[in-house]
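Novice: Please see the structure below; I have some questions.
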Amino acid sequence: MEFQSFMKNMVISELEDAIGEENVSINEADRLSYGVDYYWVSRVWADKGHKPPLADVIVRPGNAQEVSKVLKIANYYKIPVHTWGGGSGSQGGALPMAGGMLLDTKRMNRLIDIDEYSYTITAETGMIFQLLEWYANEKGFSIMHLPSCLTCGTIGGALAHRGVGITSTKYGKIDDQCVSMEVVLPNGDIVNTLPVPKHAGGPDLNQMFIGSEGTLGVITKATFRMVNLPEIRKFRAFLFKDFASGISACKEITQKVKPSILRLYDETETASIIKNVIGFDKKGTFMNMAVEGDARIAAIEEQIAIEICKKYDAMDLGSEYGEKWYENKITFFYPGYTLDNPQMFGTMDTAVTYGNLESCYRAMKEAIESTYPGVRFIAHCSHWYDWGAMIYDRFIMDEPPEDPNEAVSLYNRIWNTGVRTAMAHGGVVNHHHGVGLKLSRLMKEQYGPAMQVFEGLKKSLDPNGIMNPYKLGL
Ligand SMILES: Cc1cc2nc3c(=O)[nH]c(=O)nc-3n(C[C@H](O)[C@H](O)[C@H](O)COP(=O)(O)OP(=O)(O)OC[C@H]3O[C@@H](n4cnc5c(N)ncnc54)[C@H](O)[C@@H]3O)c2cc1C
């Protein structure tokens, strides 16, 4: 929202009074730098010389009380507020599409408490997740939220997008790891969820705010479970003849043991990404697994997994390629290895039950590759549950249209095809990158009449609709 300069000056002086002059900026360079996140469209838009979506003012509150003051001002003047953590989100979730305020959380980065006896750790949510993990490691613990964005995403961003890390098959997703949190509601009230993750005190408030993507308030503090650092982490890689036999083996493994890392790459990713990054050059479906914890239990788990893979005719590759994968877990995102402009690409990660896994993957591949000439579809499954798995499927176009408007419109069509095909085959709109601006339009299709539950919540908590407009279908 562009506010007239007279009024703008009034609001800015109120903000400066609330959180300090040095924490309020209308500087053009600051505003520009908050107009691009990891969303492909925002990056291509800027690369082609277009002006990104600009906030009118950047605010950097230092604690929940200051967030509360900012939201009260925003609510009074009905100014949109877009919360920004690390800006590493891939869905355009933090972009200031409605102008107004951009609230950067990174000054709120204090460690509050490590309770070694209860195995919990509490911190402010503007902290980069890696730092929280290091605090836990110093005391011999881990939170085991180890995503590839560990060093660039904040605690708040992980919660707001329902993130996941590489060891999720054993330790769960962020929504399993969070014990409780503090949230500043759009009206400025500071509320806390219950201090334990399991209870029968009504619906779970944590799960209402986890995944809310800045549309229901600002998460300012969070407590997470910790586990002891594992005594051992053992890797084992296998090569399956095809994706289908790999899926069957992973399904059986997850029923019997709890690997921390379990990643199964389709034939195309095995021949491209796996070959390029870890130098494994054979045809088939590459699988990497880690078991960990108590060395005696890990050894038994490994043995059981080996027997299962043998049953499905897999070639046992020993520990070498699994270890190489782990050493290079971030290399996958380095320049030269990762997908990047000028390529057009998107990650459609969906979640499906075992009964739908292979059919959903094949249907998405067929729909995308046959509808859009020149677009490739590749996938791996990297987060497994007792009931199914996530398909981390990506589309890639090496030579997208030069004109950014044409490119964005093609990009949106490909996403529509992919996500709609996933939903028609038992998949869901997203597994862990969130909805943001990118998938906002598909939320009603996903939820149907159930969408009114979210809409009702939004209306009651944010009647002026100031929090992160155009995101999450709200
Ligand atoms: C190289 C790379 C690898 C990645 N790997 C993974 C991965 O392994 N797993 C994974 O889950 N994601 C991954 N991502 C995606 C992304 O990093 C995550 O979604 C991350 O959690 C976003 O955190 P952020 O702090 O950067 O959030 P931002 O991009 O700043 O914001 C994301 C959303 O969260 C909201 N938000 C942020 N902080 C708060 C808060 N305190 N209160 C309320 N709302 C808030 C914003 O408004 C926005 O809607 C990856 C991204 C990159 C660039």
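Residue numbers start at 1 in each chain; chains themselves are named A, B, ... in the order of the structure tokens; ligands are numbered from 1 in the order shown.
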Can you tell me which residues sit at most 8 Å away from ligand 1, counting only C-alpha atoms and all ligand atoms, written as a VMD selection string?
Specialist: chain A and resid 37 to 38 82 to 95 105 125 to 126 128 146 to 150 152 to 166 183 212 to 221 330 333 432 to 434 436 468 471
Novice: Fewer than 5 positions away in the same chain doesn't count, so skip those; otherwise give me all residues within 10 Å of range 262-275 of chain A, counting only C-alpha atoms, as number ranges by chain.
Specialist: A: 166-170, 235-244, 246-247, 250, 253-254, 280-291, 321, 325, 332, 337-338, 361, 376-384, 391-393
Novice: Tell me, counting only C-alpha atoms, for each residue of range 92-205 of chain A within 12 Å of range 446-467 of chain A, which pair of atoms is nearest and how far apart they are in Å to one decimal, in rows ordered by chain and increasing number, as a tab-separated table.
Specialist:
residue	atom	partner	partner_atom	distance
A:Gly93	CA	A:Met467	CA	11.6
A:Ala94	CA	A:Met467	CA	10.8
A:Leu95	CA	A:Met467	CA	12.0
A:Pro96	CA	A:Met467	CA	10.4
A:Met97	CA	A:Met467	CA	11.2
A:Ala98	CA	A:Ile466	CA	9.2
A:Gly99	CA	A:Ile466	CA	10.7
A:Gly100	CA	A:Ile466	CA	9.3
A:Met101	CA	A:Ile466	CA	9.7
A:Leu102	CA	A:Met467	CA	10.5
A:Leu103	CA	A:Met467	CA	10.6
A:Val183	CA	A:Leu461	CA	12.0
A:Val184	CA	A:Leu461	CA	10.8
A:Leu185	CA	A:Leu461	CA	7.0
A:Pro186	CA	A:Asp462	CA	5.7
A:Asn187	CA	A:Asp462	CA	7.3
A:Gly188	CA	A:Leu461	CA	10.5
A:Asp189	CA	A:Leu461	CA	10.4
A:Leu205	CA	A:Leu457	CA	11.8
Novice: Can you spit out the residues from that selection as a PDB file, in the first residue's frame, using C-alpha atoms?
Specialist:
ATOM      1  CA  GLY A  93       5.866 -16.284   1.012  1.00  0.00           C
ATOM      2  CA  ALA A  94       7.738 -13.323   2.486  1.00  0.00           C
ATOM      3  CA  LEU A  95       7.482 -10.986  -0.513  1.00  0.00           C
ATOM      4  CA  PRO A  96       5.797  -7.628   0.280  1.00  0.00           C
ATOM      5  CA  MET A  97       3.112  -8.004  -2.391  1.00  0.00           C
ATOM      6  CA  ALA A  98       0.809  -5.462  -0.778  1.00  0.00           C
ATOM      7  CA  GLY A  99       3.480  -2.850   0.040  1.00  0.00           C
ATOM      8  CA  GLY A 100       3.192  -1.375   3.525  1.00  0.00           C
ATOM      9  CA  MET A 101       5.531  -2.865   6.145  1.00  0.00           C
ATOM     10  CA  LEU A 102       8.202  -5.510   5.888  1.00  0.00           C
ATOM     11  CA  LEU A 103       8.924  -6.894   9.363  1.00  0.00           C
ATOM     12  CA  VAL A 183       2.972 -15.677  18.941  1.00  0.00           C
ATOM     13  CA  VAL A 184       2.080 -12.015  18.568  1.00  0.00           C
ATOM     14  CA  LEU A 185      -1.441 -11.852  17.165  1.00  0.00           C
ATOM     15  CA  PRO A 186      -2.379  -9.239  14.550  1.00  0.00           C
ATOM     16  CA  ASN A 187      -4.040  -7.087  17.261  1.00  0.00           C
ATOM     17  CA  GLY A 188      -0.764  -7.012  19.212  1.00  0.00           C
ATOM     18  CA  ASP A 189      -1.722  -9.533  21.937  1.00  0.00           C
ATOM     19  CA  LEU A 205      -2.742 -24.270  19.030  1.00  0.00           C
TER      20      LEU A 205
END
Novice: Between CA of Ile114 in chain A and CA of Val227 in chain A, what is the distance in Å, rounded to a tenth?
Specialist: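 Computing it gives 12.2 Å between the two atoms.
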Novice: Between A:Asn9, A:Thr421, A:Thr120, A:Gln343, which residue has the minimum interatomic distance to Met226 in chain A, considering only C-alpha atoms?
Specialist: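 Between A:Asn9, A:Thr421, A:Thr120, A:Gln343, the residue approaching Met226 in chain A most closely is A:Thr120.
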Novice: Where in range 185-362 of chain A does DSSP assign strand (DSSP E or B), given as a PDB file with N, CA and C atoms, in the first residue's frame?
Specialist:
ATOM      1  N   ILE A 190       0.082 -10.807  22.928  1.00  0.00           N
ATOM      2  CA  ILE A 190       1.153 -11.820  22.913  1.00  0.00           C
ATOM      3  C   ILE A 190       0.594 -13.079  23.578  1.00  0.00           C
ATOM      4  N   VAL A 191       0.546 -14.191  22.832  1.00  0.00           N
ATOM      5  CA  VAL A 191      -0.058 -15.415  23.385  1.00  0.00           C
ATOM      6  C   VAL A 191       0.957 -16.556  23.372  1.00  0.00           C
ATOM      7  N   ASN A 192       0.713 -17.532  24.239  1.00  0.00           N
ATOM      8  CA  ASN A 192       1.577 -18.713  24.303  1.00  0.00           C
ATOM      9  C   ASN A 192       0.754 -19.974  24.105  1.00  0.00           C
ATOM     10  N   VAL A 218       2.862 -13.114  14.203  1.00  0.00           N
ATOM     11  CA  VAL A 218       4.317 -13.299  14.109  1.00  0.00           C
ATOM     12  C   VAL A 218       4.737 -14.241  15.238  1.00  0.00           C
ATOM     13  N   ILE A 219       5.365 -15.347  14.870  1.00  0.00           N
ATOM     14  CA  ILE A 219       5.871 -16.287  15.877  1.00  0.00           C
ATOM     15  C   ILE A 219       7.174 -15.672  16.409  1.00  0.00           C
ATOM     16  N   THR A 220       7.258 -15.473  17.721  1.00  0.00           N
ATOM     17  CA  THR A 220       8.416 -14.752  18.245  1.00  0.00           C
ATOM     18  C   THR A 220       9.354 -15.625  19.078  1.00  0.00           C
ATOM     19  N   LYS A 221       8.842 -16.742  19.576  1.00  0.00           N
ATOM     20  CA  LYS A 221       9.666 -17.614  20.413  1.00  0.00           C
ATOM     21  C   LYS A 221       9.217 -19.046  20.174  1.00  0.00           C
ATOM     22  N   ALA A 222      10.137 -20.007  20.263  1.00  0.00           N
ATOM     23  CA  ALA A 222       9.707 -21.399  20.104  1.00  0.00           C
ATOM     24  C   ALA A 222      10.578 -22.320  20.938  1.00  0.00           C
ATOM     25  N   THR A 223       9.955 -23.375  21.435  1.00  0.00           N
ATOM     26  CA  THR A 223      10.676 -24.418  22.180  1.00  0.00           C
ATOM     27  C   THR A 223      10.629 -25.702  21.356  1.00  0.00           C
ATOM     28  N   PHE A 224      11.791 -26.368  21.267  1.00  0.00           N
ATOM     29  CA  PHE A 224      11.890 -27.605  20.475  1.00  0.00           C
ATOM     30  C   PHE A 224      12.387 -28.752  21.346  1.00  0.00           C
ATOM     31  N   ARG A 225      12.021 -29.960  20.924  1.00  0.00           N
ATOM     32  CA  ARG A 225      12.588 -31.174  21.528  1.00  0.00           C
ATOM     33  C   ARG A 225      14.038 -31.301  21.112  1.00  0.00           C
ATOM     34  N   VAL A 227      17.404 -34.325  21.075  1.00  0.00           N
ATOM     35  CA  VAL A 227      17.781 -35.721  21.330  1.00  0.00           C
ATOM     36  C   VAL A 227      19.279 -35.731  21.599  1.00  0.00           C
ATOM     37  N   ASN A 228      19.781 -36.788  22.214  1.00  0.00           N
ATOM     38  CA  ASN A 228      21.231 -36.901  22.391  1.00  0.00           C
ATOM     39  C   ASN A 228      21.887 -37.006  21.025  1.00  0.00           C
ATOM     40  N   ILE A 232      26.553 -43.037  16.890  1.00  0.00           N
ATOM     41  CA  ILE A 232      27.068 -43.451  15.574  1.00  0.00           C
ATOM     42  C   ILE A 232      26.055 -43.077  14.493  1.00  0.00           C
ATOM     43  N   ARG A 233      26.557 -42.745  13.303  1.00  0.00           N
ATOM     44  CA  ARG A 233      25.683 -42.589  12.121  1.00  0.00           C
ATOM     45  C   ARG A 233      26.338 -43.408  11.009  1.00  0.00           C
ATOM     46  N   LYS A 234      25.669 -44.463  10.564  1.00  0.00           N
ATOM     47  CA  LYS A 234      26.260 -45.389   9.575  1.00  0.00           C
ATOM     48  C   LYS A 234      25.537 -45.261   8.242  1.00  0.00           C
ATOM     49  N   PHE A 235      26.288 -45.143   7.173  1.00  0.00           N
ATOM     50  CA  PHE A 235      25.676 -44.985   5.847  1.00  0.00           C
ATOM     51  C   PHE A 235      25.747 -46.287   5.059  1.00  0.00           C
ATOM     52  N   ARG A 236      24.792 -46.481   4.200  1.00  0.00           N
ATOM     53  CA  ARG A 236      24.794 -47.639   3.301  1.00  0.00           C
ATOM     54  C   ARG A 236      24.040 -47.236   2.042  1.00  0.00           C
ATOM     55  N   ALA A 237      24.650 -47.445   0.901  1.00  0.00           N
ATOM     56  CA  ALA A 237      23.958 -47.095  -0.351  1.00  0.00           C
ATOM     57  C   ALA A 237      23.645 -48.362  -1.148  1.00  0.00           C
ATOM     58  N   PHE A 238      22.631 -48.274  -1.973  1.00  0.00           N
ATOM     59  CA  PHE A 238      22.200 -49.419  -2.797  1.00  0.00           C
ATOM     60  C   PHE A 238      21.825 -48.920  -4.183  1.00  0.00           C
ATOM     61  N   LEU A 239      21.891 -49.844  -5.145  1.00  0.00           N
ATOM     62  CA  LEU A 239      21.410 -49.512  -6.487  1.00  0.00           C
ATOM     63  C   LEU A 239      20.295 -50.492  -6.852  1.00  0.00           C
ATOM     64  N   PHE A 240      19.119 -49.942  -7.123  1.00  0.00           N
ATOM     65  CA  PHE A 240      17.983 -50.770  -7.532  1.00  0.00           C
ATOM     66  C   PHE A 240      17.859 -50.725  -9.050  1.00  0.00           C
ATOM     67  N   ILE A 261      18.191 -41.004   7.596  1.00  0.00           N
ATOM     68  CA  ILE A 261      18.196 -40.509   6.217  1.00  0.00           C
ATOM     69  C   ILE A 261      17.775 -41.667   5.312  1.00  0.00           C
ATOM     70  N   LEU A 262      16.858 -41.410   4.419  1.00  0.00           N
ATOM     71  CA  LEU A 262      16.457 -42.437   3.449  1.00  0.00           C
ATOM     72  C   LEU A 262      16.083 -41.689   2.181  1.00  0.00           C
ATOM     73  N   ARG A 263      16.895 -41.837   1.158  1.00  0.00           N
ATOM     74  CA  ARG A 263      16.668 -41.068  -0.073  1.00  0.00           C
ATOM     75  C   ARG A 263      16.744 -42.009  -1.270  1.00  0.00           C
ATOM     76  N   LEU A 264      15.730 -41.952  -2.085  1.00  0.00           N
ATOM     77  CA  LEU A 264      15.652 -42.820  -3.258  1.00  0.00           C
ATOM     78  C   LEU A 264      15.513 -41.945  -4.493  1.00  0.00           C
ATOM     79  N   TYR A 265      16.483 -42.025  -5.405  1.00  0.00           N
ATOM     80  CA  TYR A 265      16.508 -41.163  -6.592  1.00  0.00           C
ATOM     81  C   TYR A 265      15.992 -41.922  -7.803  1.00  0.00           C
ATOM     82  N   THR A 285      18.445 -47.001  -9.942  1.00  0.00           N
ATOM     83  CA  THR A 285      17.881 -46.099  -8.943  1.00  0.00           C
ATOM     84  C   THR A 285      18.751 -46.138  -7.696  1.00  0.00           C
ATOM     85  N   PHE A 286      19.374 -45.006  -7.391  1.00  0.00           N
ATOM     86  CA  PHE A 286      20.314 -44.923  -6.264  1.00  0.00           C
ATOM     87  C   PHE A 286      19.545 -44.678  -4.970  1.00  0.00           C
ATOM     88  N   MET A 287      19.938 -45.417  -3.945  1.00  0.00           N
ATOM     89  CA  MET A 287      19.317 -45.184  -2.631  1.00  0.00           C
ATOM     90  C   MET A 287      20.410 -45.005  -1.594  1.00  0.00           C
ATOM     91  N   ASN A 288      20.222 -44.003  -0.742  1.00  0.00           N
ATOM     92  CA  ASN A 288      21.167 -43.767   0.340  1.00  0.00           C
ATOM     93  C   ASN A 288      20.421 -43.834   1.656  1.00  0.00           C
ATOM     94  N   MET A 289      21.034 -44.513   2.627  1.00  0.00           N
ATOM     95  CA  MET A 289      20.354 -44.687   3.912  1.00  0.00           C
ATOM     96  C   MET A 289      21.345 -44.455   5.050  1.00  0.00           C
ATOM     97  N   ALA A 290      20.880 -43.882   6.146  1.00  0.00           N
ATOM     98  CA  ALA A 290      21.707 -43.805   7.359  1.00  0.00           C
ATOM     99  C   ALA A 290      20.894 -44.341   8.524  1.00  0.00           C
ATOM    100  N   VAL A 291      21.560 -45.124   9.361  1.00  0.00           N
ATOM    101  CA  VAL A 291      20.940 -45.537  10.627  1.00  0.00           C
ATOM    102  C   VAL A 291      21.815 -44.957  11.725  1.00  0.00           C
ATOM    103  N   GLU A 292      21.236 -44.652  12.872  1.00  0.00           N
ATOM    104  CA  GLU A 292      22.035 -43.963  13.886  1.00  0.00           C
ATOM    105  C   GLU A 292      21.474 -44.111  15.279  1.00  0.00           C
ATOM    106  N   GLY A 293      22.283 -43.668  16.223  1.00  0.00           N
ATOM    107  CA  GLY A 293      21.873 -43.727  17.634  1.00  0.00           C
ATOM    108  C   GLY A 293      22.837 -44.626  18.372  1.00  0.00           C
ATOM    109  N   MET A 315      21.848 -53.830  -5.642  1.00  0.00           N
ATOM    110  CA  MET A 315      23.294 -53.996  -5.521  1.00  0.00           C
ATOM    111  C   MET A 315      23.726 -53.227  -4.264  1.00  0.00           C
ATOM    112  N   ASP A 316      24.425 -53.926  -3.351  1.00  0.00           N
ATOM    113  CA  ASP A 316      24.884 -53.276  -2.119  1.00  0.00           C
ATOM    114  C   ASP A 316      26.166 -52.492  -2.432  1.00  0.00           C
ATOM    115  N   MET A 344      14.501 -22.518 -16.173  1.00  0.00           N
ATOM    116  CA  MET A 344      13.258 -22.399 -15.414  1.00  0.00           C
ATOM    117  C   MET A 344      13.105 -23.715 -14.652  1.00  0.00           C
ATOM    118  N   PHE A 345      12.799 -23.604 -13.374  1.00  0.00           N
ATOM    119  CA  PHE A 345      12.668 -24.840 -12.589  1.00  0.00           C
ATOM    120  C   PHE A 345      11.726 -24.617 -11.411  1.00  0.00           C
ATOM    121  N   GLY A 346      11.195 -25.711 -10.892  1.00  0.00           N
ATOM    122  CA  GLY A 346      10.344 -25.627  -9.703  1.00  0.00           C
ATOM    123  C   GLY A 346      10.324 -26.973  -9.011  1.00  0.00           C
ATOM    124  N   THR A 347      10.207 -26.932  -7.688  1.00  0.00           N
ATOM    125  CA  THR A 347      10.118 -28.163  -6.899  1.00  0.00           C
ATOM    126  C   THR A 347       8.698 -28.285  -6.386  1.00  0.00           C
ATOM    127  N   THR A 350       5.339 -33.170  -3.138  1.00  0.00           N
ATOM    128  CA  THR A 350       4.014 -33.586  -2.679  1.00  0.00           C
ATOM    129  C   THR A 350       4.157 -34.736  -1.691  1.00  0.00           C
ATOM    130  N   ALA A 351       3.100 -35.031  -0.958  1.00  0.00           N
ATOM    131  CA  ALA A 351       3.114 -36.176  -0.035  1.00  0.00           C
ATOM    132  C   ALA A 351       1.982 -37.108  -0.432  1.00  0.00           C
ATOM    133  N   VAL A 352       2.271 -38.405  -0.425  1.00  0.00           N
ATOM    134  CA  VAL A 352       1.263 -39.403  -0.814  1.00  0.00           C
ATOM    135  C   VAL A 352       1.383 -40.653   0.055  1.00  0.00           C
ATOM    136  N   THR A 353       0.308 -41.399   0.144  1.00  0.00           N
ATOM    137  CA  THR A 353       0.382 -42.694   0.835  1.00  0.00           C
ATOM    138  C   THR A 353       1.067 -43.692  -0.098  1.00  0.00           C
TER     139      THR A 353
END
Novice: Mind pulling up the distance from CA of Pro53 in chain A to CA of Ile73 in chain A?
Specialist: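 Distance reported for this atom pair: 22.0 Å.
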Novice: Just asking: which residues within range 49-294 of chain A are alpha helix (DSSP H) according to DSSP, as a ChimeraX atom specification?
Specialist: /A:64-77,129-138,155-160,168-171,174-177,205-209,243-256,267-269,275-278
Novice: Kindly indicate which residue among A:Gly336, A:Pro401, A:Gly20, A:Pro52 lies nearest to Tyr34 in chain A, using only C-alpha atoms for the distances.
Specialist: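 Of A:Gly336, A:Pro401, A:Gly20, A:Pro52, the one nearest Tyr34 in chain A, counting only C-alpha atoms, is A:Pro52.
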Novice: Can you tell me which residues surround Tyr135 in chain A at a distance of at most 9 Å, considering only C-alpha atoms, apart from same-chain residues fewer than 5 positions away, and format the answer as a list in words?
Specialist: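 Once the nearby chain positions are removed, what remains is Leu111, Ile114, Ile121, Gln130, Phe141 and Ser142 of chain A.
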Novice: Find the residues around Arg441 in chain A up to 10 Å (only C-alpha atoms counted), leave out those fewer than 4 positions away in its own chain, and share them as a PyMOL selection string.
Specialist: chain A and resi 416+435-437+445-446+470-474
Novice: So how many Å separate CA of Gln255 in chain A and CA of Ala305 in chain A, to one decimal?
Specialist: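 Interatomic distance, CA of Gln255 in chain A to CA of Ala305 in chain A: 10.5 Å.
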Novice: If you count only C-alpha atoms, which residues fall within 10 Å of Pro195 in chain A, apart from same-chain ones fewer than 5 positions away, as number ranges by chain?
Specialist: A: 179-181, 223
Novice: Those residues you just picked out, can you put them in a file as a tab-separated table (two decimals), in the first residue's frame with C-alpha atoms?
Specialist:
chain	number	residue	atom	x	y	z
A	179	VAL	CA	6.94	-28.23	21.72
A	180	SER	CA	5.39	-24.79	22.15
A	181	MET	CA	5.61	-21.20	21.01
A	223	THR	CA	10.68	-24.42	22.18
Novice: Could you list, as a PyMOL selection string, every residue within 10 Å of Glu16 in chain A, counting only C-alpha atoms and ignoring same-chain residues fewer than 5 positions away?
Specialist: chain A and resi 11+21-25+59+70
